[in-house]
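Everything below belongs to start.pdb, which stores PDB, C-alpha atoms, pLDDT in the B column.
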```pdb
ATOM      1  CA  MET A   1     122.015 160.419 -99.394  1.00 87.00           C
ATOM      2  CA  SER A   2     118.657 158.677 -99.699  1.00 92.00           C
ATOM      3  CA  LEU A   3     117.091 156.221 -97.274  1.00 93.00           C
ATOM      4  CA  LYS A   4     117.051 153.654-100.091  1.00 95.00           C
ATOM      5  CA  LYS A   5     120.856 153.754-100.430  1.00 96.00           C
ATOM      6  CA  ALA A   6     121.288 153.593 -96.663  1.00 97.00           C
ATOM      7  CA  SER A   7     118.959 150.579 -96.588  1.00 97.00           C
ATOM      8  CA  LEU A   8     121.055 148.843 -99.255  1.00 98.00           C
ATOM      9  CA  ILE A   9     124.141 149.238 -97.041  1.00 98.00           C
ATOM     10  CA  ILE A  10     122.244 147.750 -94.099  1.00 98.00           C
ATOM     11  CA  ILE A  11     120.894 144.819 -96.134  1.00 98.00           C
ATOM     12  CA  LEU A  12     124.330 144.050 -97.607  1.00 98.00           C
ATOM     13  CA  VAL A  13     126.041 144.051 -94.199  1.00 98.00           C
ATOM     14  CA  LEU A  14     123.267 141.933 -92.663  1.00 98.00           C
ATOM     15  CA  LEU A  15     123.463 139.363 -95.460  1.00 98.00           C
ATOM     16  CA  ILE A  16     127.248 138.989 -95.194  1.00 98.00           C
ATOM     17  CA  ASP A  17     127.062 138.889 -91.405  1.00 98.00           C
ATOM     18  CA  GLN A  18     124.293 136.309 -91.136  1.00 98.00           C
ATOM     19  CA  ILE A  19     125.544 134.088 -93.966  1.00 98.00           C
ATOM     20  CA  SER A  20     128.994 133.934 -92.354  1.00 98.00           C
ATOM     21  CA  LYS A  21     127.514 133.199 -88.919  1.00 98.00           C
ATOM     22  CA  VAL A  22     125.148 130.474 -90.140  1.00 98.00           C
ATOM     23  CA  TYR A  23     127.976 128.857 -92.100  1.00 98.00           C
ATOM     24  CA  ILE A  24     130.311 128.864 -89.087  1.00 98.00           C
ATOM     25  CA  LYS A  25     127.569 127.650 -86.754  1.00 97.00           C
ATOM     26  CA  THR A  26     126.674 124.706 -89.014  1.00 97.00           C
ATOM     27  CA  HIS A  27     130.182 123.766 -90.225  1.00 97.00           C
ATOM     28  CA  PHE A  28     132.409 124.322 -87.158  1.00 98.00           C
ATOM     29  CA  VAL A  29     132.481 122.777 -83.704  1.00 98.00           C
ATOM     30  CA  LEU A  30     132.843 125.309 -80.897  1.00 97.00           C
ATOM     31  CA  GLY A  31     136.536 126.144 -80.528  1.00 96.00           C
ATOM     32  CA  GLU A  32     137.485 124.800 -83.964  1.00 98.00           C
ATOM     33  CA  GLU A  33     140.098 126.868 -85.760  1.00 97.00           C
ATOM     34  CA  ILE A  34     141.409 127.237 -89.315  1.00 97.00           C
ATOM     35  CA  ARG A  35     144.744 129.008 -89.718  1.00 96.00           C
ATOM     36  CA  VAL A  36     144.555 131.164 -92.850  1.00 96.00           C
ATOM     37  CA  PHE A  37     147.798 132.989 -92.035  1.00 94.00           C
ATOM     38  CA  ASP A  38     149.872 133.150 -88.858  1.00 89.00           C
ATOM     39  CA  TRP A  39     148.239 136.505 -88.155  1.00 93.00           C
ATOM     40  CA  PHE A  40     144.683 135.629 -89.265  1.00 96.00           C
ATOM     41  CA  ARG A  41     142.550 132.677 -88.231  1.00 96.00           C
ATOM     42  CA  ILE A  42     138.931 131.569 -88.386  1.00 98.00           C
ATOM     43  CA  LEU A  43     138.097 130.623 -84.801  1.00 97.00           C
ATOM     44  CA  PHE A  44     134.563 129.726 -83.755  1.00 97.00           C
ATOM     45  CA  VAL A  45     133.579 131.139 -80.383  1.00 96.00           C
ATOM     46  CA  GLU A  46     130.279 132.320 -78.940  1.00 94.00           C
ATOM     47  CA  ASN A  47     129.779 135.482 -76.941  1.00 88.00           C
ATOM     48  CA  GLU A  48     127.150 135.219 -74.219  1.00 76.00           C
ATOM     49  CA  GLY A  49     127.237 138.845 -73.173  1.00 63.00           C
ATOM     50  CA  MET A  50     128.630 142.223 -74.094  1.00 62.00           C
ATOM     51  CA  ALA A  51     131.754 143.203 -75.962  1.00 57.00           C
ATOM     52  CA  TRP A  52     135.088 141.821 -74.761  1.00 51.00           C
ATOM     53  CA  GLY A  53     133.299 138.841 -73.215  1.00 52.00           C
ATOM     54  CA  ALA A  54     131.816 140.847 -70.354  1.00 56.00           C
ATOM     55  CA  LYS A  55     128.557 139.604 -68.869  1.00 62.00           C
ATOM     56  CA  ILE A  56     125.709 141.021 -66.832  1.00 64.00           C
ATOM     57  CA  PRO A  57     125.429 138.760 -63.769  1.00 64.00           C
ATOM     58  CA  GLY A  58     122.213 137.275 -62.503  1.00 63.00           C
ATOM     59  CA  LYS A  59     119.412 135.148 -63.857  1.00 62.00           C
ATOM     60  CA  TYR A  60     117.977 137.910 -66.026  1.00 72.00           C
ATOM     61  CA  GLY A  61     121.264 139.517 -67.084  1.00 75.00           C
ATOM     62  CA  LYS A  62     121.177 138.140 -70.627  1.00 78.00           C
ATOM     63  CA  LEU A  63     117.513 139.064 -71.070  1.00 82.00           C
ATOM     64  CA  PHE A  64     118.165 142.608 -69.867  1.00 85.00           C
ATOM     65  CA  LEU A  65     121.075 142.962 -72.297  1.00 84.00           C
ATOM     66  CA  THR A  66     119.021 141.755 -75.273  1.00 87.00           C
ATOM     67  CA  LEU A  67     116.105 144.056 -74.410  1.00 89.00           C
ATOM     68  CA  PHE A  68     118.536 146.961 -74.030  1.00 89.00           C
ATOM     69  CA  ARG A  69     119.921 146.195 -77.494  1.00 90.00           C
ATOM     70  CA  LEU A  70     116.402 146.208 -78.935  1.00 93.00           C
ATOM     71  CA  VAL A  71     115.691 149.620 -77.424  1.00 94.00           C
ATOM     72  CA  ALA A  72     119.051 150.916 -78.659  1.00 94.00           C
ATOM     73  CA  ILE A  73     118.425 149.724 -82.225  1.00 96.00           C
ATOM     74  CA  VAL A  74     115.141 151.645 -82.295  1.00 97.00           C
ATOM     75  CA  GLY A  75     117.007 154.782 -81.260  1.00 97.00           C
ATOM     76  CA  ILE A  76     119.699 154.251 -83.904  1.00 97.00           C
ATOM     77  CA  GLY A  77     117.014 153.621 -86.515  1.00 97.00           C
ATOM     78  CA  TYR A  78     115.297 156.896 -85.648  1.00 97.00           C
ATOM     79  CA  TRP A  79     118.655 158.712 -85.788  1.00 97.00           C
ATOM     80  CA  LEU A  80     119.203 157.329 -89.295  1.00 97.00           C
ATOM     81  CA  TRP A  81     115.709 158.257 -90.494  1.00 97.00           C
ATOM     82  CA  ASP A  82     115.977 161.750 -89.007  1.00 97.00           C
ATOM     83  CA  SER A  83     119.420 162.311 -90.551  1.00 96.00           C
ATOM     84  CA  VAL A  84     118.138 161.333 -94.000  1.00 96.00           C
ATOM     85  CA  ARG A  85     115.072 163.561 -93.539  1.00 96.00           C
ATOM     86  CA  LYS A  86     117.285 166.519 -92.634  1.00 94.00           C
ATOM     87  CA  LYS A  87     119.599 165.786 -95.583  1.00 94.00           C
ATOM     88  CA  ALA A  88     122.608 165.291 -93.324  1.00 95.00           C
ATOM     89  CA  SER A  89     126.061 164.642 -94.726  1.00 95.00           C
ATOM     90  CA  ARG A  90     126.763 161.405 -96.603  1.00 96.00           C
ATOM     91  CA  VAL A  91     129.454 160.346 -94.122  1.00 96.00           C
ATOM     92  CA  LEU A  92     127.024 160.675 -91.204  1.00 97.00           C
ATOM     93  CA  ILE A  93     124.315 158.624 -92.914  1.00 97.00           C
ATOM     94  CA  VAL A  94     126.763 155.926 -94.020  1.00 98.00           C
ATOM     95  CA  SER A  95     128.213 155.751 -90.497  1.00 98.00           C
ATOM     96  CA  ILE A  96     124.799 155.416 -88.850  1.00 98.00           C
ATOM     97  CA  ALA A  97     123.759 152.792 -91.414  1.00 98.00           C
ATOM     98  CA  LEU A  98     126.876 150.733 -90.629  1.00 98.00           C
ATOM     99  CA  ILE A  99     126.305 151.027 -86.872  1.00 97.00           C
ATOM    100  CA  PHE A 100     122.629 150.098 -87.289  1.00 97.00           C
ATOM    101  CA  ALA A 101     123.449 147.088 -89.481  1.00 97.00           C
ATOM    102  CA  GLY A 102     126.074 145.808 -87.044  1.00 95.00           C
ATOM    103  CA  ALA A 103     123.864 146.236 -84.011  1.00 95.00           C
ATOM    104  CA  PHE A 104     120.950 144.568 -85.792  1.00 96.00           C
ATOM    105  CA  GLY A 105     123.137 141.660 -86.910  1.00 96.00           C
ATOM    106  CA  ASN A 106     124.141 140.836 -83.343  1.00 94.00           C
ATOM    107  CA  ILE A 107     120.570 141.288 -82.126  1.00 94.00           C
ATOM    108  CA  VAL A 108     119.449 138.548 -84.543  1.00 96.00           C
ATOM    109  CA  ASP A 109     121.860 136.162 -82.798  1.00 95.00           C
ATOM    110  CA  SER A 110     120.752 137.211 -79.308  1.00 93.00           C
ATOM    111  CA  VAL A 111     117.042 136.962 -80.054  1.00 94.00           C
ATOM    112  CA  PHE A 112     116.751 133.943 -82.360  1.00 96.00           C
ATOM    113  CA  TYR A 113     119.849 131.710 -82.360  1.00 97.00           C
ATOM    114  CA  GLY A 114     118.891 130.032 -79.091  1.00 96.00           C
ATOM    115  CA  ILE A 115     115.731 128.617 -80.645  1.00 96.00           C
ATOM    116  CA  ILE A 116     116.849 127.928 -84.238  1.00 97.00           C
ATOM    117  CA  PHE A 117     120.152 126.121 -83.480  1.00 98.00           C
ATOM    118  CA  ASP A 118     121.196 123.386 -81.083  1.00 96.00           C
ATOM    119  CA  ASP A 119     124.484 123.758 -79.233  1.00 95.00           C
ATOM    120  CA  SER A 120     127.929 123.427 -80.827  1.00 96.00           C
ATOM    121  CA  TYR A 121     129.743 121.558 -78.038  1.00 95.00           C
ATOM    122  CA  HIS A 122     131.585 118.593 -79.622  1.00 94.00           C
ATOM    123  CA  GLN A 123     129.130 118.590 -82.534  1.00 96.00           C
ATOM    124  CA  LEU A 124     128.045 120.550 -85.581  1.00 96.00           C
ATOM    125  CA  ALA A 125     124.932 122.546 -84.808  1.00 97.00           C
ATOM    126  CA  SER A 126     121.848 121.858 -86.886  1.00 95.00           C
ATOM    127  CA  PHE A 127     119.317 124.423 -88.083  1.00 95.00           C
ATOM    128  CA  MET A 128     115.815 124.101 -86.577  1.00 95.00           C
ATOM    129  CA  PRO A 129     116.550 120.857 -84.662  1.00 94.00           C
ATOM    130  CA  ALA A 130     113.608 118.571 -83.933  1.00 92.00           C
ATOM    131  CA  ASP A 131     114.328 118.612 -80.186  1.00 91.00           C
ATOM    132  CA  GLY A 132     114.494 122.394 -80.039  1.00 93.00           C
ATOM    133  CA  GLY A 133     117.343 124.849 -79.726  1.00 96.00           C
ATOM    134  CA  TYR A 134     119.977 125.291 -77.044  1.00 96.00           C
ATOM    135  CA  GLY A 135     118.151 128.211 -75.439  1.00 92.00           C
ATOM    136  CA  THR A 136     115.020 130.288 -75.504  1.00 92.00           C
ATOM    137  CA  LEU A 137     113.886 133.456 -77.256  1.00 93.00           C
ATOM    138  CA  PHE A 138     116.108 136.432 -76.287  1.00 92.00           C
ATOM    139  CA  HIS A 139     118.781 134.085 -74.885  1.00 90.00           C
ATOM    140  CA  GLY A 140     120.879 133.328 -77.969  1.00 93.00           C
ATOM    141  CA  LYS A 141     124.660 133.592 -78.157  1.00 93.00           C
ATOM    142  CA  VAL A 142     126.475 135.833 -80.636  1.00 94.00           C
ATOM    143  CA  VAL A 143     128.654 133.922 -83.112  1.00 96.00           C
ATOM    144  CA  ASP A 144     132.220 135.247 -83.522  1.00 96.00           C
ATOM    145  CA  MET A 145     134.873 133.923 -85.881  1.00 96.00           C
ATOM    146  CA  LEU A 146     137.439 136.549 -86.987  1.00 96.00           C
ATOM    147  CA  TYR A 147     140.692 136.308 -85.043  1.00 95.00           C
ATOM    148  CA  PHE A 148     143.822 138.367 -85.710  1.00 95.00           C
ATOM    149  CA  PRO A 149     146.646 137.357 -83.329  1.00 93.00           C
ATOM    150  CA  LEU A 150     149.101 139.812 -84.900  1.00 92.00           C
ATOM    151  CA  TRP A 151     151.690 139.345 -82.164  1.00 89.00           C
ATOM    152  CA  LYS A 152     152.204 136.951 -79.264  1.00 87.00           C
ATOM    153  CA  GLY A 153     154.948 136.985 -76.670  1.00 89.00           C
ATOM    154  CA  TYR A 154     156.094 138.070 -73.244  1.00 91.00           C
ATOM    155  CA  LEU A 155     156.042 141.780 -72.498  1.00 89.00           C
ATOM    156  CA  PRO A 156     159.237 143.471 -71.233  1.00 90.00           C
ATOM    157  CA  GLU A 157     159.702 143.293 -67.480  1.00 89.00           C
ATOM    158  CA  TRP A 158     160.047 147.075 -67.215  1.00 90.00           C
ATOM    159  CA  LEU A 159     156.455 147.689 -68.301  1.00 86.00           C
ATOM    160  CA  PRO A 160     154.218 148.639 -65.348  1.00 87.00           C
ATOM    161  CA  PHE A 161     151.335 146.305 -64.433  1.00 83.00           C
ATOM    162  CA  TRP A 162     151.730 143.916 -67.419  1.00 82.00           C
ATOM    163  CA  GLY A 163     155.516 143.488 -67.516  1.00 86.00           C
ATOM    164  CA  GLY A 164     156.600 139.864 -67.903  1.00 88.00           C
ATOM    165  CA  ASN A 165     153.110 138.638 -68.763  1.00 91.00           C
ATOM    166  CA  TYR A 166     152.263 136.709 -71.931  1.00 90.00           C
ATOM    167  CA  PHE A 167     150.335 138.988 -74.250  1.00 85.00           C
ATOM    168  CA  THR A 168     148.441 138.611 -77.536  1.00 87.00           C
ATOM    169  CA  PHE A 169     147.710 141.496 -79.868  1.00 85.00           C
ATOM    170  CA  PHE A 170     144.950 141.454 -81.127  1.00 87.00           C
ATOM    171  CA  GLU A 171     143.140 139.137 -78.660  1.00 87.00           C
ATOM    172  CA  PRO A 172     139.367 139.633 -79.242  1.00 90.00           C
ATOM    173  CA  VAL A 173     137.477 137.366 -81.650  1.00 93.00           C
ATOM    174  CA  PHE A 174     134.766 139.262 -83.509  1.00 94.00           C
ATOM    175  CA  ASN A 175     132.357 139.094 -86.461  1.00 95.00           C
ATOM    176  CA  ILE A 176     131.204 141.127 -89.477  1.00 96.00           C
ATOM    177  CA  ALA A 177     128.583 142.940 -87.386  1.00 95.00           C
ATOM    178  CA  ASP A 178     131.246 144.077 -84.901  1.00 94.00           C
ATOM    179  CA  THR A 179     133.406 145.229 -87.819  1.00 95.00           C
ATOM    180  CA  SER A 180     130.521 147.240 -89.258  1.00 96.00           C
ATOM    181  CA  ILE A 181     129.921 148.995 -85.935  1.00 95.00           C
ATOM    182  CA  SER A 182     133.633 149.737 -85.539  1.00 95.00           C
ATOM    183  CA  VAL A 183     133.959 151.141 -89.070  1.00 97.00           C
ATOM    184  CA  GLY A 184     130.902 153.344 -88.496  1.00 97.00           C
ATOM    185  CA  VAL A 185     132.310 154.733 -85.248  1.00 96.00           C
ATOM    186  CA  ILE A 186     135.776 155.271 -86.781  1.00 96.00           C
ATOM    187  CA  LEU A 187     134.245 157.184 -89.698  1.00 97.00           C
ATOM    188  CA  LEU A 188     132.456 159.476 -87.251  1.00 96.00           C
ATOM    189  CA  LEU A 189     135.692 160.094 -85.361  1.00 96.00           C
ATOM    190  CA  LEU A 190     137.839 160.660 -88.443  1.00 95.00           C
ATOM    191  CA  PHE A 191     135.335 162.800 -90.321  1.00 94.00           C
ATOM    192  CA  HIS A 192     133.626 164.508 -87.393  1.00 91.00           C
ATOM    193  CA  LYS A 193     133.640 167.926 -89.076  1.00 90.00           C
ATOM    194  CA  LYS A 194     131.985 166.572 -92.209  1.00 90.00           C
ATOM    195  CA  ALA A 195     129.516 164.470 -90.234  1.00 88.00           C
ATOM    196  CA  PHE A 196     128.428 167.368 -87.997  1.00 88.00           C
ATOM    197  CA  PRO A 197     129.141 170.558 -90.010  1.00 85.00           C
ATOM    198  CA  LYS A 198     126.589 172.768 -88.241  1.00 73.00           C
ATOM    199  CA  GLU A 199     127.934 171.788 -84.833  1.00 59.00           C
ATOM    200  CA  GLU A 200     131.459 172.711 -85.941  1.00 52.00           C
ATOM    201  CA  GLU A 201     130.275 176.054 -87.358  1.00 54.00           C
ATOM    202  CA  GLU A 202     128.588 176.983 -84.083  1.00 54.00           C
ATOM    203  CA  LYS A 203     131.809 176.268 -82.188  1.00 52.00           C
TER     204      LYS A 203
END
```
Have the structure of the file written as structure tokens, please.
Amino acid sequence: MSLKKASLIIILVLLIDQISKVYIKTHFVLGEEIRVFDWFRILFVENEGMAWGAKIPGKYGKLFLTLFRLVAIVGIGYWLWDSVRKKASRVLIVSIALIFAGAFGNIVDSVFYGIIFDDSYHQLASFMPADGGYGTLFHGKVVDMLYFPLWKGYLPEWLPFWGGNYFTFFEPVFNIADTSISVGVILLLLFHKKAFPKEEEEK
């Protein structure tokens, strides 16, 4: 698979991801929700840190996370280029391209959204506000909007640890970039032998 085709995958994912995020950011107030189905909703939330809402504490936690993401994206980009150069399997190149596109999409939010949007608390955010954005460079928040509460209810009492607690499956709210990363990782897991044929032969 050529680098040109891999680049087209990246560009397509980035366009869908950023268009959806900009639309949500400029048309939804933070916390606003549209129920498409009982099991699928558009819910606008912002993620200040890592996956699952985790955060790095301290004054420079967010900056450290964004810089780490930038370093990681360089490594993923090199992995993609090297895989294309070595004529690796199609599934490996597609998987890396999806992971790269997803990581890059969320980096755009973290690096730039703080300076190109004002906040979304009780108002629709505006693009390039005259008074400046809600944050600074490298301190943007990632926009999430896809929510799939497939099941909600109280867990059976006999379950250890969580028995009797109210539980939602699937709880996380995510975006197109997250989906792209997840699909890339799942492809690598499902088609590991095709993605790394030489490694499997050596074993």
Problem set entry | Spatial sel., origin (123.7, 126.4, -89.0), limit 12 Å, only C-alpha atoms, listed as a PyMOL selection string | chain A and resi 18-29+109+113-120+123-129+133+143
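When all atoms listed in the file are used to compute distances to Gly132 of chain A, the closest of the residues A:Gly102, A:Lys86, A:Pro197, A:Phe112 turns out to be A:Phe112.
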For this session: Specify as a ChimeraX atom specification each residue included when the PyMOL selection byres ((chain A and resi 179-182) around 6) is applied to this file.
Result: /A:98-99,102,176-178,183-185
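Distances to Tyr147 of chain A were evaluated for A:Leu159, A:Val173, A:Leu80, A:Ile186 using all atoms listed in the file, and the minimum falls at A:Val173.
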For this session: Using all atoms listed in the file, collect all residues at a distance of at most 10 Å from (130.5, 163.8, -90.7) as written in the file, then present them as an MDAnalysis selection string.
Result: chainID A and resid 88:95 187:197
Could the residues in this selection be saved with C-alpha atoms as a PDB file, in the frame of the given file?
```
ATOM      1  CA  ALA A  88     122.608 165.291 -93.324  1.00 95.00           C
ATOM      2  CA  SER A  89     126.061 164.642 -94.726  1.00 95.00           C
ATOM      3  CA  ARG A  90     126.763 161.405 -96.603  1.00 96.00           C
ATOM      4  CA  VAL A  91     129.454 160.346 -94.122  1.00 96.00           C
ATOM      5  CA  LEU A  92     127.024 160.675 -91.204  1.00 97.00           C
ATOM      6  CA  ILE A  93     124.315 158.624 -92.914  1.00 97.00           C
ATOM      7  CA  VAL A  94     126.763 155.926 -94.020  1.00 98.00           C
ATOM      8  CA  SER A  95     128.213 155.751 -90.497  1.00 98.00           C
ATOM      9  CA  LEU A 187     134.245 157.184 -89.698  1.00 97.00           C
ATOM     10  CA  LEU A 188     132.456 159.476 -87.251  1.00 96.00           C
ATOM     11  CA  LEU A 189     135.692 160.094 -85.361  1.00 96.00           C
ATOM     12  CA  LEU A 190     137.839 160.660 -88.443  1.00 95.00           C
ATOM     13  CA  PHE A 191     135.335 162.800 -90.321  1.00 94.00           C
ATOM     14  CA  HIS A 192     133.626 164.508 -87.393  1.00 91.00           C
ATOM     15  CA  LYS A 193     133.640 167.926 -89.076  1.00 90.00           C
ATOM     16  CA  LYS A 194     131.985 166.572 -92.209  1.00 90.00           C
ATOM     17  CA  ALA A 195     129.516 164.470 -90.234  1.00 88.00           C
ATOM     18  CA  PHE A 196     128.428 167.368 -87.997  1.00 88.00           C
ATOM     19  CA  PRO A 197     129.141 170.558 -90.010  1.00 85.00           C
TER      20      PRO A 197
END
```
Please determine an axis-aligned box that encloses all atoms of segment 92-108 of chain A listed in the file, with 6 Å added on each side, and express its centre and edge lengths in Å to one decimal as JSON.
```
{"center_x": 123.8, "center_y": 149.6, "center_z": -88.1, "size_x": 20.8, "size_y": 34.1, "size_z": 23.9}
```
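Among the candidates A:Phe68, A:Phe148, A:Trp158, A:Phe169, the residue lying nearest to Val111 of chain A is A:Phe68 (atoms considered: all atoms listed in the file).
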Can you list what the PyMOL selection byres ((chain A and resi 142) around 9) grabs from this structure, as a CSV table (one decimal) with C-alpha atoms, in the frame of the given file?
```
chain,number,residue,atom,x,y,z
A,21,LYS,CA,127.5,133.2,-88.9
A,45,VAL,CA,133.6,131.1,-80.4
A,46,GLU,CA,130.3,132.3,-78.9
A,47,ASN,CA,129.8,135.5,-76.9
A,48,GLU,CA,127.2,135.2,-74.2
A,49,GLY,CA,127.2,138.8,-73.2
A,106,ASN,CA,124.1,140.8,-83.3
A,107,ILE,CA,120.6,141.3,-82.1
A,108,VAL,CA,119.4,138.5,-84.5
A,109,ASP,CA,121.9,136.2,-82.8
A,110,SER,CA,120.8,137.2,-79.3
A,113,TYR,CA,119.8,131.7,-82.4
A,140,GLY,CA,120.9,133.3,-78.0
A,141,LYS,CA,124.7,133.6,-78.2
A,143,VAL,CA,128.7,133.9,-83.1
A,144,ASP,CA,132.2,135.2,-83.5
A,175,ASN,CA,132.4,139.1,-86.5
```
Exercise. Mind pulling up the distance from atom CA of Val36 of chain A to atom CA of His122 of chain A?
Worked result: 22.4 Å
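Between Ala97 of chain A and the residues A:Leu70, A:Leu65, A:Ile42, A:Val84, the shortest atom-to-atom distance, using all atoms listed in the file, involves A:Val84.
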Exercise. Taking into account all atoms listed in the file, which residue in the set A:Glu32, A:Trp81, A:Leu146, A:Tyr154 is nearest to Phe170 of chain A?
Worked result: A:Leu146
Seminar exercise, completed: Residue with the minimum atom-to-atom distance to Ala6 of chain A, picked from A:Gly77, A:Gly31, A:Gly135, A:Gly61 with all atoms listed in the file counted, is A:Gly77
